[in-house]
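**Q** You'll find run06.txt just under this line, and it carries compact mmCIF, C-alpha atoms and all ligand atoms.
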```txt
# COMPACT_ATOMS: atom_id res chain seq x y z
CA MET N 1 121.68 111.56 -75.29
CA VAL N 2 123.17 108.70 -77.29
CA TRP N 3 120.74 105.76 -77.49
CA SER N 4 122.86 103.15 -79.15
CA ASP N 5 125.97 102.78 -81.15
CA ALA N 6 127.22 99.97 -83.28
CA GLN N 7 130.31 99.35 -85.31
CA ALA N 8 130.09 97.24 -88.43
CA ASN N 9 132.32 96.97 -91.46
CA GLY N 10 134.50 99.82 -90.28
CA THR N 11 131.68 102.31 -89.93
CA VAL N 12 130.22 103.62 -86.71
CA SER N 13 126.54 104.47 -86.42
CA LEU N 14 124.88 106.38 -83.62
CA ASP N 15 121.27 106.98 -82.63
CA VAL N 16 121.06 110.31 -80.88
CA LEU N 17 118.19 111.92 -78.99
CA VAL N 18 118.26 115.72 -79.03
CA LYS N 19 116.34 116.81 -75.95
CA ARG N 20 116.29 120.61 -76.26
CA PRO N 21 113.33 121.85 -78.31
CA GLY N 22 114.44 123.46 -81.56
CA ALA N 23 118.02 122.18 -81.31
CA ALA N 24 117.54 119.24 -83.66
CA GLU N 25 118.13 121.19 -86.87
CA ALA N 26 121.38 122.73 -85.57
CA THR N 27 122.59 119.30 -84.45
CA ARG N 28 121.75 117.85 -87.84
CA ARG N 29 123.68 120.61 -89.62
CA ARG N 30 126.75 120.21 -87.42
CA LEU N 31 126.83 116.46 -88.03
CA LEU N 32 126.51 117.01 -91.78
CA GLU N 33 129.35 119.54 -91.67
CA ALA N 34 131.46 116.95 -89.87
CA GLY N 35 130.92 114.60 -92.79
CA ALA N 36 128.38 112.25 -91.21
CA ALA N 37 125.38 110.78 -93.02
CA VAL N 38 122.32 111.87 -91.02
CA GLU N 39 118.83 110.45 -91.05
CA VAL N 40 115.99 111.68 -88.83
CA ALA N 41 114.32 108.61 -87.30
CA ALA N 42 111.61 110.47 -85.38
CA ASP N 43 111.06 114.20 -85.52
CA ASP N 44 108.78 114.34 -82.48
CA LEU N 45 109.63 111.72 -79.87
CA GLN N 46 107.02 112.96 -77.39
CA ARG N 47 104.29 112.39 -79.94
CA ALA N 48 105.71 108.91 -80.62
CA ILE N 49 105.61 108.19 -76.87
CA ASP N 50 102.04 109.43 -76.62
CA GLU N 51 100.95 107.21 -79.52
CA GLU N 52 103.02 104.16 -78.57
CA ASN N 53 100.64 102.57 -76.11
CA PRO N 54 96.99 103.64 -76.44
CA PRO N 55 95.48 103.19 -72.95
CA MET N 56 92.81 100.55 -72.45
CA SER N 57 89.56 101.58 -70.82
CA ASP N 58 88.56 100.17 -67.42
CA GLU N 59 85.65 98.45 -69.16
CA ASP N 60 88.03 96.68 -71.55
CA LEU N 61 90.26 95.61 -68.68
CA ASP N 62 87.26 94.31 -66.69
CA GLU N 63 86.09 92.43 -69.74
CA LEU N 64 89.52 90.80 -70.14
CA MET N 65 89.58 89.87 -66.49
CA GLY N 66 86.15 88.23 -66.76
CA ARG N 67 86.97 86.37 -69.96
CA ASN N 68 90.55 85.21 -69.26
CA GLY N 69 91.05 85.43 -65.51
CA HIS N 70 93.80 88.04 -65.93
CA ARG N 71 94.24 91.43 -67.60
CA MET N 72 97.25 90.60 -69.73
CA GLU N 73 97.09 90.72 -73.52
CA TRP N 74 99.62 91.54 -76.20
CA GLN N 75 98.08 94.49 -78.00
CA SER N 76 99.39 96.98 -75.45
CA TYR N 77 102.14 97.36 -72.88
CA HIS N 78 101.03 96.52 -69.36
CA ARG N 79 102.02 97.71 -65.92
CA LEU N 80 103.83 95.45 -63.49
CA ALA N 81 100.65 94.56 -61.58
CA ASP N 82 99.07 93.04 -64.69
CA ILE N 83 102.23 91.09 -65.51
CA HIS N 84 102.48 89.68 -61.99
CA GLN N 85 98.79 88.86 -61.95
CA PHE N 86 99.30 86.90 -65.19
CA LEU N 87 102.16 84.89 -63.65
CA ASP N 88 100.05 84.07 -60.59
CA PHE N 89 97.17 83.13 -62.89
CA LEU N 90 99.39 80.61 -64.71
CA ALA N 91 100.46 79.00 -61.46
CA ALA N 92 96.89 78.86 -60.12
CA THR N 93 95.41 77.50 -63.35
CA TYR N 94 98.10 75.01 -64.38
CA PRO N 95 99.66 73.97 -61.07
CA GLN N 96 101.22 70.81 -62.49
CA ARG N 97 103.25 72.74 -64.99
CA PHE N 98 103.66 76.32 -63.69
CA SER N 99 104.77 77.62 -60.33
CA VAL N 100 105.81 81.07 -59.17
CA GLN N 101 108.66 81.75 -56.80
CA THR N 102 109.67 85.16 -55.46
CA ILE N 103 113.47 85.09 -55.53
CA GLY N 104 114.00 88.45 -53.86
CA SER N 105 112.84 92.05 -53.83
CA SER N 106 113.83 95.17 -55.70
CA VAL N 107 115.32 98.24 -54.04
CA GLN N 108 111.81 99.59 -53.45
CA GLY N 109 110.47 96.25 -52.25
CA ARG N 110 108.72 94.93 -55.36
CA PRO N 111 108.84 91.14 -55.70
CA LEU N 112 111.10 89.49 -58.27
CA LYS N 113 108.79 86.76 -59.55
CA VAL N 114 110.23 83.79 -61.40
CA VAL N 115 107.92 81.36 -63.17
CA ARG N 116 109.11 77.79 -63.24
CA VAL N 117 107.71 75.79 -66.11
CA SER N 118 108.30 72.15 -65.42
CA SER N 119 108.79 69.45 -68.04
CA GLY N 120 107.81 66.86 -65.45
CA LYS N 121 111.06 65.03 -66.19
CA PRO N 122 113.45 64.68 -63.28
CA GLY N 123 116.92 65.97 -64.11
CA ALA N 124 115.79 67.78 -67.27
CA PRO N 125 118.07 70.57 -68.48
CA ALA N 126 116.80 74.04 -67.65
CA ILE N 127 116.85 77.38 -69.43
CA TRP N 128 116.91 80.75 -67.68
CA VAL N 129 115.01 83.52 -69.49
CA ASP N 130 114.78 87.11 -68.34
CA GLY N 131 113.45 90.43 -69.55
CA GLY N 132 113.18 94.02 -68.48
CA ILE N 133 116.60 94.49 -66.90
CA HIS N 134 116.61 97.88 -68.62
CA ALA N 135 113.47 99.75 -67.66
CA ARG N 136 112.66 101.48 -70.95
CA GLU N 137 112.90 98.36 -73.10
CA TRP N 138 109.19 97.61 -72.79
CA ILE N 139 109.15 95.15 -75.66
CA SER N 140 111.29 92.80 -73.57
CA PRO N 141 108.84 91.95 -70.74
CA ALA N 142 106.03 91.99 -73.32
CA SER N 143 107.86 89.40 -75.45
CA VAL N 144 108.82 87.24 -72.46
CA THR N 145 105.22 87.11 -71.25
CA TYR N 146 104.14 86.39 -74.84
CA PHE N 147 106.50 83.41 -74.72
CA LEU N 148 104.89 82.20 -71.46
CA ASN N 149 101.46 82.48 -73.00
CA THR N 150 102.67 80.55 -76.04
CA LEU N 151 103.73 77.70 -73.76
CA VAL N 152 100.07 77.45 -72.75
CA GLU N 153 98.23 78.22 -75.96
CA GLN N 154 100.53 77.01 -78.71
CA PRO N 155 103.23 74.81 -77.17
CA GLU N 156 104.09 73.26 -80.55
CA ALA N 157 105.70 76.61 -81.46
CA LEU N 158 108.51 75.71 -79.03
CA GLY N 159 109.14 72.41 -80.78
CA ALA N 160 109.47 69.02 -79.10
CA ALA N 161 112.42 70.25 -77.06
CA GLY N 162 110.35 73.09 -75.61
CA SER N 163 108.37 70.65 -73.48
CA SER N 164 111.33 68.49 -72.45
CA VAL N 165 113.27 71.27 -70.72
CA ASP N 166 112.46 73.21 -67.57
CA TRP N 167 112.16 76.98 -67.89
CA PHE N 168 112.93 79.61 -65.27
CA VAL N 169 111.46 82.89 -66.41
CA LEU N 170 111.85 86.32 -64.79
CA PRO N 171 109.91 88.70 -67.07
CA VAL N 172 110.79 91.90 -65.17
CA VAL N 173 114.26 91.98 -63.63
CA ASN N 174 113.96 95.69 -62.84
CA PRO N 175 110.40 96.28 -61.61
CA ASP N 176 111.14 99.66 -59.97
CA GLY N 177 112.66 101.05 -63.14
CA TYR N 178 109.86 99.56 -65.23
CA GLU N 179 107.19 101.29 -63.16
CA PHE N 180 109.20 104.53 -63.17
CA SER N 181 109.37 104.37 -66.98
CA HIS N 182 105.57 104.16 -67.03
CA SER N 183 104.86 106.81 -64.41
CA SER N 184 107.64 109.39 -64.69
CA ASP N 185 110.30 109.01 -67.37
CA ARG N 186 109.60 106.84 -70.40
CA LEU N 187 113.31 106.59 -71.21
CA TRP N 188 114.57 105.50 -67.77
CA ARG N 189 117.16 102.68 -68.02
CA LYS N 190 118.68 101.91 -64.60
CA ASN N 191 117.12 100.54 -61.42
CA ARG N 192 116.05 102.95 -58.64
CA GLY N 193 118.93 102.23 -56.27
CA GLY N 194 122.24 104.00 -55.94
CA SER N 195 122.95 107.00 -53.78
CA GLY N 196 122.15 109.84 -56.20
CA SER N 197 118.94 111.55 -57.18
CA GLY N 198 117.44 112.81 -60.43
CA ARG N 199 119.32 111.35 -63.37
CA CYS N 200 122.09 110.35 -60.94
CA ALA N 201 119.78 107.82 -59.27
CA GLY N 202 119.99 104.16 -60.13
CA VAL N 203 122.49 101.52 -61.17
CA ASP N 204 122.73 99.90 -64.58
CA LEU N 205 121.88 96.34 -63.56
CA ASN N 206 123.48 94.96 -66.71
CA ARG N 207 126.82 96.37 -65.57
CA ASN N 208 126.45 95.14 -61.98
CA PHE N 209 127.10 91.40 -62.44
CA GLY N 210 130.29 90.02 -60.98
CA TYR N 211 132.34 88.82 -63.93
CA ARG N 212 135.01 91.37 -64.96
CA TRP N 213 132.91 93.93 -63.08
CA GLY N 214 133.91 97.56 -63.55
CA GLY N 215 135.92 97.13 -66.75
CA GLN N 216 135.42 98.62 -70.19
CA GLY N 217 132.01 100.07 -71.03
CA ALA N 218 130.94 100.37 -67.40
CA SER N 219 131.03 103.69 -65.56
CA ARG N 220 132.07 104.50 -61.99
CA ARG N 221 130.05 107.72 -62.12
CA PRO N 222 126.55 107.47 -60.59
CA CYS N 223 125.09 109.98 -63.04
CA ASP N 224 126.00 107.89 -66.08
CA GLU N 225 123.52 105.59 -67.79
CA THR N 226 126.03 102.73 -67.52
CA TYR N 227 126.89 103.21 -63.82
CA ALA N 228 128.11 99.82 -62.60
CA GLY N 229 127.17 100.42 -58.94
CA PRO N 230 129.46 100.74 -55.90
CA SER N 231 130.49 97.07 -56.04
CA LYS N 232 129.64 93.91 -57.93
CA PHE N 233 126.19 92.57 -57.10
CA SER N 234 125.52 95.64 -54.95
CA GLU N 235 121.90 95.65 -56.11
CA PRO N 236 119.20 93.32 -54.74
CA GLU N 237 117.94 92.56 -58.27
CA THR N 238 121.28 91.19 -59.49
CA SER N 239 122.19 89.43 -56.26
CA ALA N 240 118.82 87.64 -56.26
CA ILE N 241 119.55 86.31 -59.75
CA ARG N 242 123.05 85.29 -58.69
CA ASN N 243 121.71 83.34 -55.71
CA PHE N 244 118.96 81.64 -57.67
CA VAL N 245 120.92 80.72 -60.78
CA SER N 246 123.98 79.50 -58.90
CA ALA N 247 121.73 77.22 -56.79
CA ASN N 248 120.17 75.61 -59.90
CA ARG N 249 122.96 73.65 -61.49
CA ASN N 250 120.75 72.20 -64.23
CA ILE N 251 120.57 75.58 -65.98
CA LYS N 252 122.32 75.05 -69.33
CA ALA N 253 121.27 78.21 -71.15
CA TYR N 254 120.82 81.82 -70.08
CA VAL N 255 118.88 84.13 -72.39
CA SER N 256 118.34 87.83 -71.66
CA PHE N 257 116.00 89.89 -73.80
CA HIS N 258 116.70 93.55 -74.44
CA SER N 259 115.90 96.09 -77.12
CA TYR N 260 116.68 97.38 -79.60
CA GLY N 261 118.72 96.74 -82.74
CA GLN N 262 117.94 93.10 -83.70
CA TYR N 263 121.05 91.33 -82.53
CA VAL N 264 121.78 87.85 -81.21
CA LEU N 265 124.84 88.38 -79.04
CA TYR N 266 127.03 85.93 -77.18
CA PRO N 267 130.06 86.37 -74.87
CA TRP N 268 132.29 88.00 -74.37
CA GLY N 269 130.84 91.41 -73.73
CA TYR N 270 133.66 92.79 -71.58
CA ALA N 271 136.02 93.13 -74.55
CA ALA N 272 136.30 92.25 -78.22
CA VAL N 273 137.38 88.69 -77.49
CA VAL N 274 135.61 85.32 -77.60
CA PRO N 275 135.49 82.17 -75.42
CA PRO N 276 136.99 78.87 -76.62
CA ASP N 277 133.60 77.47 -77.75
CA HIS N 278 132.63 80.59 -79.68
CA GLU N 279 132.11 78.63 -82.93
CA GLU N 280 129.35 76.65 -81.24
CA LEU N 281 127.79 79.80 -79.77
CA LYS N 282 127.88 81.35 -83.21
CA ARG N 283 126.37 78.26 -84.85
CA VAL N 284 123.39 78.23 -82.46
CA GLY N 285 123.15 82.03 -82.74
CA GLN N 286 122.88 81.76 -86.50
CA ARG N 287 120.21 79.11 -86.17
CA ILE N 288 118.30 81.51 -83.90
CA ALA N 289 118.56 84.24 -86.54
CA SER N 290 117.44 81.85 -89.32
CA ALA N 291 114.48 80.64 -87.26
CA ILE N 292 113.41 84.24 -86.65
CA ALA N 293 113.76 85.09 -90.33
CA ARG N 294 111.79 81.98 -91.37
CA GLY N 295 109.00 83.11 -89.06
CA GLY N 296 108.84 86.44 -90.90
CA GLY N 297 110.78 88.32 -88.24
CA GLY N 298 113.32 90.05 -90.43
CA SER N 299 117.04 90.01 -89.98
CA TYR N 300 118.99 89.72 -86.74
CA THR N 301 122.77 90.16 -86.70
CA VAL N 302 124.74 87.45 -84.87
CA GLY N 303 128.08 87.98 -83.16
CA PRO N 304 130.10 88.26 -79.97
CA ALA N 305 128.76 91.22 -77.96
CA GLY N 306 131.99 93.13 -77.35
CA ALA N 307 133.08 93.06 -80.97
CA THR N 308 129.64 93.43 -82.57
CA LEU N 309 128.20 96.25 -80.45
CA TYR N 310 130.67 97.70 -77.97
CA PRO N 311 132.58 96.38 -74.93
CA ALA N 312 130.39 96.35 -71.81
CA SER N 313 131.59 94.62 -68.66
CA GLY N 314 129.45 93.39 -65.80
CA GLY N 315 126.73 92.02 -68.07
CA SER N 316 124.55 89.09 -67.09
CA ASP N 317 125.54 86.93 -70.06
CA ASP N 318 129.27 87.18 -69.31
CA TRP N 319 128.58 86.24 -65.69
CA ALA N 320 126.43 83.25 -66.71
CA LYS N 321 129.15 81.99 -69.00
CA GLY N 322 132.27 83.06 -67.14
CA SER N 323 131.32 82.50 -63.51
CA GLN N 324 128.62 79.84 -63.78
CA GLY N 325 129.90 77.85 -66.73
CA ILE N 326 126.50 77.99 -68.45
CA LYS N 327 127.25 77.00 -72.00
CA TYR N 328 124.64 78.88 -74.00
CA ALA N 329 124.53 82.51 -72.87
CA TYR N 330 122.78 84.94 -75.18
CA THR N 331 121.63 88.52 -75.11
CA VAL N 332 118.95 89.11 -77.70
CA GLU N 333 118.30 92.69 -78.74
CA LEU N 334 114.73 92.61 -80.02
CA ARG N 335 113.06 94.95 -82.53
CA ASP N 336 113.43 97.27 -84.11
CA ARG N 337 116.57 98.45 -85.91
CA GLY N 338 116.15 102.06 -84.83
CA ARG N 339 113.15 103.60 -86.55
CA HIS N 340 111.16 103.60 -83.29
CA GLY N 341 113.96 102.50 -80.97
CA PHE N 342 112.79 102.03 -77.39
CA VAL N 343 109.40 103.55 -78.20
CA LEU N 344 108.17 100.63 -80.28
CA PRO N 345 104.44 100.90 -81.02
CA ALA N 346 102.31 98.24 -79.35
CA GLN N 347 101.26 96.67 -82.65
CA TYR N 348 104.78 95.16 -82.84
CA ILE N 349 104.43 93.18 -79.60
CA VAL N 350 102.99 90.03 -81.20
CA PRO N 351 105.46 89.83 -84.10
CA THR N 352 108.38 90.55 -81.76
CA GLY N 353 107.07 88.03 -79.24
CA ARG N 354 107.17 85.50 -82.07
CA ASP N 355 110.84 86.34 -82.62
CA ALA N 356 111.49 85.53 -78.96
CA VAL N 357 109.60 82.23 -79.21
CA ALA N 358 111.55 81.22 -82.34
CA ALA N 359 114.82 82.03 -80.55
CA LEU N 360 113.91 80.03 -77.45
CA ALA N 361 112.82 77.00 -79.51
CA VAL N 362 116.33 76.87 -80.98
CA VAL N 363 117.98 77.23 -77.56
CA ALA N 364 115.77 74.44 -76.15
CA GLU N 365 116.84 72.15 -78.96
CA ALA N 366 120.51 72.98 -78.37
CA VAL N 367 120.41 72.17 -74.63
CA THR N 368 118.58 68.88 -75.14
CA LYS N 369 121.48 67.78 -77.36
CA LEU N 370 124.16 68.52 -74.74
ZN ZN J 1 119.12 96.73 -72.61
```
Now that the file is in, can you turn its structure into structure tokens?
Ligand SMILES: [Zn+2]

**A**
Amino acid sequence: MVWSDAQANGTVSLDVLVKRPGAAEATRRRLLEAGAAVEVAADDLQRAIDEENPPMSDEDLDELMGRNGHRMEWQSYHRLADIHQFLDFLAATYPQRFSVQTIGSSVQGRPLKVVRVSSGKPGAPAIWVDGGIHAREWISPASVTYFLNTLVEQPEALGAAGSSVDWFVLPVVNPDGYEFSHSSDRLWRKNRGGSGSGRCAGVDLNRNFGYRWGGQGASRRPCDETYAGPSKFSEPETSAIRNFVSANRNIKAYVSFHSYGQYVLYPWGYAAVVPPDHEELKRVGQRIASAIARGGGGSYTVGPAGATLYPASGGSDDWAKGSQGIKYAYTVELRDRGRHGFVLPAQYIVPTGRDAVAALAVVAEAVTKL
């Protein structure tokens, strides 16, 4: 199973998961014989999964609930129920500023909960933020909820612009897949729709958006990880986002958080080409990367998605830019660069959440200058 691939400076690098026990050494030898440079990132992925997210005791969770009014914290990865409870807590506790709207339901009927964070200024520009479109990228919902908590506890981290824009935040785009990745298959990516079963179940929601749907880097085969679905916006998760975003014309930026690889990507994704204002997208992208680095977050690579990673059509950022005319569309691939990959230990949630906050502060500043 190939986890990620990237092309840079004429070289191609691949992260590969060897699933069959005992087959890793033979795979390594064959790659070496073929002239590749090989590095073993994790020699026992199951152990890494087992150690990634030490479970909290019921007593600890009760204690959190009593102290904070919700069970969310950022030392471990939480199930969907805790995340949703946290969103409802924000709306109940700070009703002037936070409200929660269910914009639709997943294939299996779970609510798609968007938090609206209001600046209190009529006509303010708005920023869409989402996470968790790919189930296994747990650091994404964790970082997006960390950002929401920062708006409450440390709003100055978002800069002056952070409180003069409205935010629409959907921390878990793919709640069915997210729960499945907790309960059944840690490395599940797609949603739980589609017509197949087993690994052939599900649609890759980030290939299901309606701009250049079904082109390069999107599969027509249900069993593939990048299955684009039977038609554009066939899935309730993507069509709910389409309906909501297209009805909110003040949205001037669209930021989707994924993992991993540490990239700040902008359109186009469907091919190795760029939109007319790509210099501006690059300039803001580089300011995002500098802000992350200044905060101690290490280095993020900035570039147009199709040329920097690989062409992938039907992505949310291309749709935001190409169909909705939203100027600042970014896909941020959070930590790490591949040592842990999707199975990022929970101690990295806070530092990675800070990366997300630094990125969003820069985007807020950019939209207030439009
Ligand atoms: Zn992803």

**Q** Quick one: distance from CA of Lys282 (chain N) to CA of Leu148 (chain N) in Å, one decimal?

**A**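 Distance reported for this atom pair: 25.8 Å.
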
**Q** Could you check which of N:Phe86, N:Glu39, N:Asp44, N:Gln216 is closest to Pro21 (chain N), using all atoms listed in the file?

**A**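 Closest candidate: N:Asp44.
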
**Q** Point out the residue among N:Ala307, N:Leu87, N:Met65, N:Val173 with the least atom-to-atom distance to ligand ZN 1 (chain J), counting all atoms listed in the file.

**A**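 When distances to ligand ZN 1 (chain J) are compared using all atoms listed in the file, the smallest one comes from N:Val173.
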
**Q** Give the residues close to ligand ZN 1 (chain J), within 7 Å, counting only C-alpha atoms and all ligand atoms; write them as a PyMOL selection string.

**A** chain N and resi 133-134+137+258-259

**Q** Here is a test: counting only C-alpha atoms, which residue of N:His278, N:Lys232, N:Arg339, N:Lys327 is nearest to Ser313 (chain N)?

**A**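 Looking only at the distances to Ser313 (chain N), the closest residue turns out to be N:Lys232.
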
**Q** For CA of Ser184 (chain N) and CA of Asp204 (chain N), quote the distance in Å rounded to one decimal.

**A**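 Between these atoms lies a distance of 17.8 Å.
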
**Q** Hey, which bits of region 93-132 of chain N sit within 12 Å of region 315-326 of chain N, and for each residue what's the closest pair of atoms and how far apart in Å (one decimal), counting all atoms listed in the file, rows by chain and increasing number, as a Markdown table?

**A**
```
| residue | atom | partner | partner_atom | distance |
| --- | --- | --- | --- | --- |
| N:Pro125 | CA | N:Ile326 | CA | 11.2 |
| N:Ala126 | CA | N:Ile326 | CA | 10.5 |
| N:Ile127 | CA | N:Ile326 | CA | 9.7 |
| N:Trp128 | CA | N:Ala320 | CA | 9.9 |
| N:Val129 | CA | N:Asp317 | CA | 11.1 |
| N:Asp130 | CA | N:Ser316 | CA | 10.0 |
| N:Gly131 | CA | N:Ser316 | CA | 11.4 |
```

**Q** Looking at N:Gly269, N:Pro95, N:Pro141, N:Gly35, which one is nearest to Ala356 (chain N), with distances taken over only C-alpha atoms?

**A**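 Looking only at the distances to Ala356 (chain N), the closest residue turns out to be N:Pro141.
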
**Q** Out of N:Asn243, N:Thr331, N:Ser140, N:Ser99, which residue has the shortest atom-to-atom distance to Asn206 (chain N) when counting all atoms listed in the file?

**A** N:Thr331

**Q** Would you list the residues near (108.8, 87.9, -56.3) (no more than 9 Å away, in the coordinates of the file, using only C-alpha atoms) as a ChimeraX atom specification?

**A** /N:84,100-106,110-114

**Q** May I have the residues from that selection written out with C-alpha atoms, as a PDB file, in the frame of the given file?

**A**
```pdb
ATOM      1  CA  HIS N  84     102.480  89.680 -61.990  1.00  0.00           C
ATOM      2  CA  VAL N 100     105.810  81.070 -59.170  1.00  0.00           C
ATOM      3  CA  GLN N 101     108.660  81.750 -56.800  1.00  0.00           C
ATOM      4  CA  THR N 102     109.670  85.160 -55.460  1.00  0.00           C
ATOM      5  CA  ILE N 103     113.470  85.090 -55.530  1.00  0.00           C
ATOM      6  CA  GLY N 104     114.000  88.450 -53.860  1.00  0.00           C
ATOM      7  CA  SER N 105     112.840  92.050 -53.830  1.00  0.00           C
ATOM      8  CA  SER N 106     113.830  95.170 -55.700  1.00  0.00           C
ATOM      9  CA  ARG N 110     108.720  94.930 -55.360  1.00  0.00           C
ATOM     10  CA  PRO N 111     108.840  91.140 -55.700  1.00  0.00           C
ATOM     11  CA  LEU N 112     111.100  89.490 -58.270  1.00  0.00           C
ATOM     12  CA  LYS N 113     108.790  86.760 -59.550  1.00  0.00           C
ATOM     13  CA  VAL N 114     110.230  83.790 -61.400  1.00  0.00           C
TER      14      VAL N 114
END
```

**Q** Hey, which of N:Gln286, N:Ala34, N:Glu153, N:Tyr77 ends up closest to Pro55 (chain N)? Count all atoms listed in the file.

**A** N:Tyr77

**Q** Can you measure CA of Phe233 (chain N) to CA of Ser219 (chain N) for me? One decimal in Å is fine.

**A** 14.8 Å

**Q** Show which residues sit within 10 Å of Arg221 (chain N), as a list in words. Count all atoms listed in the file, and ignore same-chain residues fewer than 5 positions away.

**A**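 That gives Cys200, Val203, Thr226, Tyr227, Ala228, Gly229 and Pro230 of chain N.
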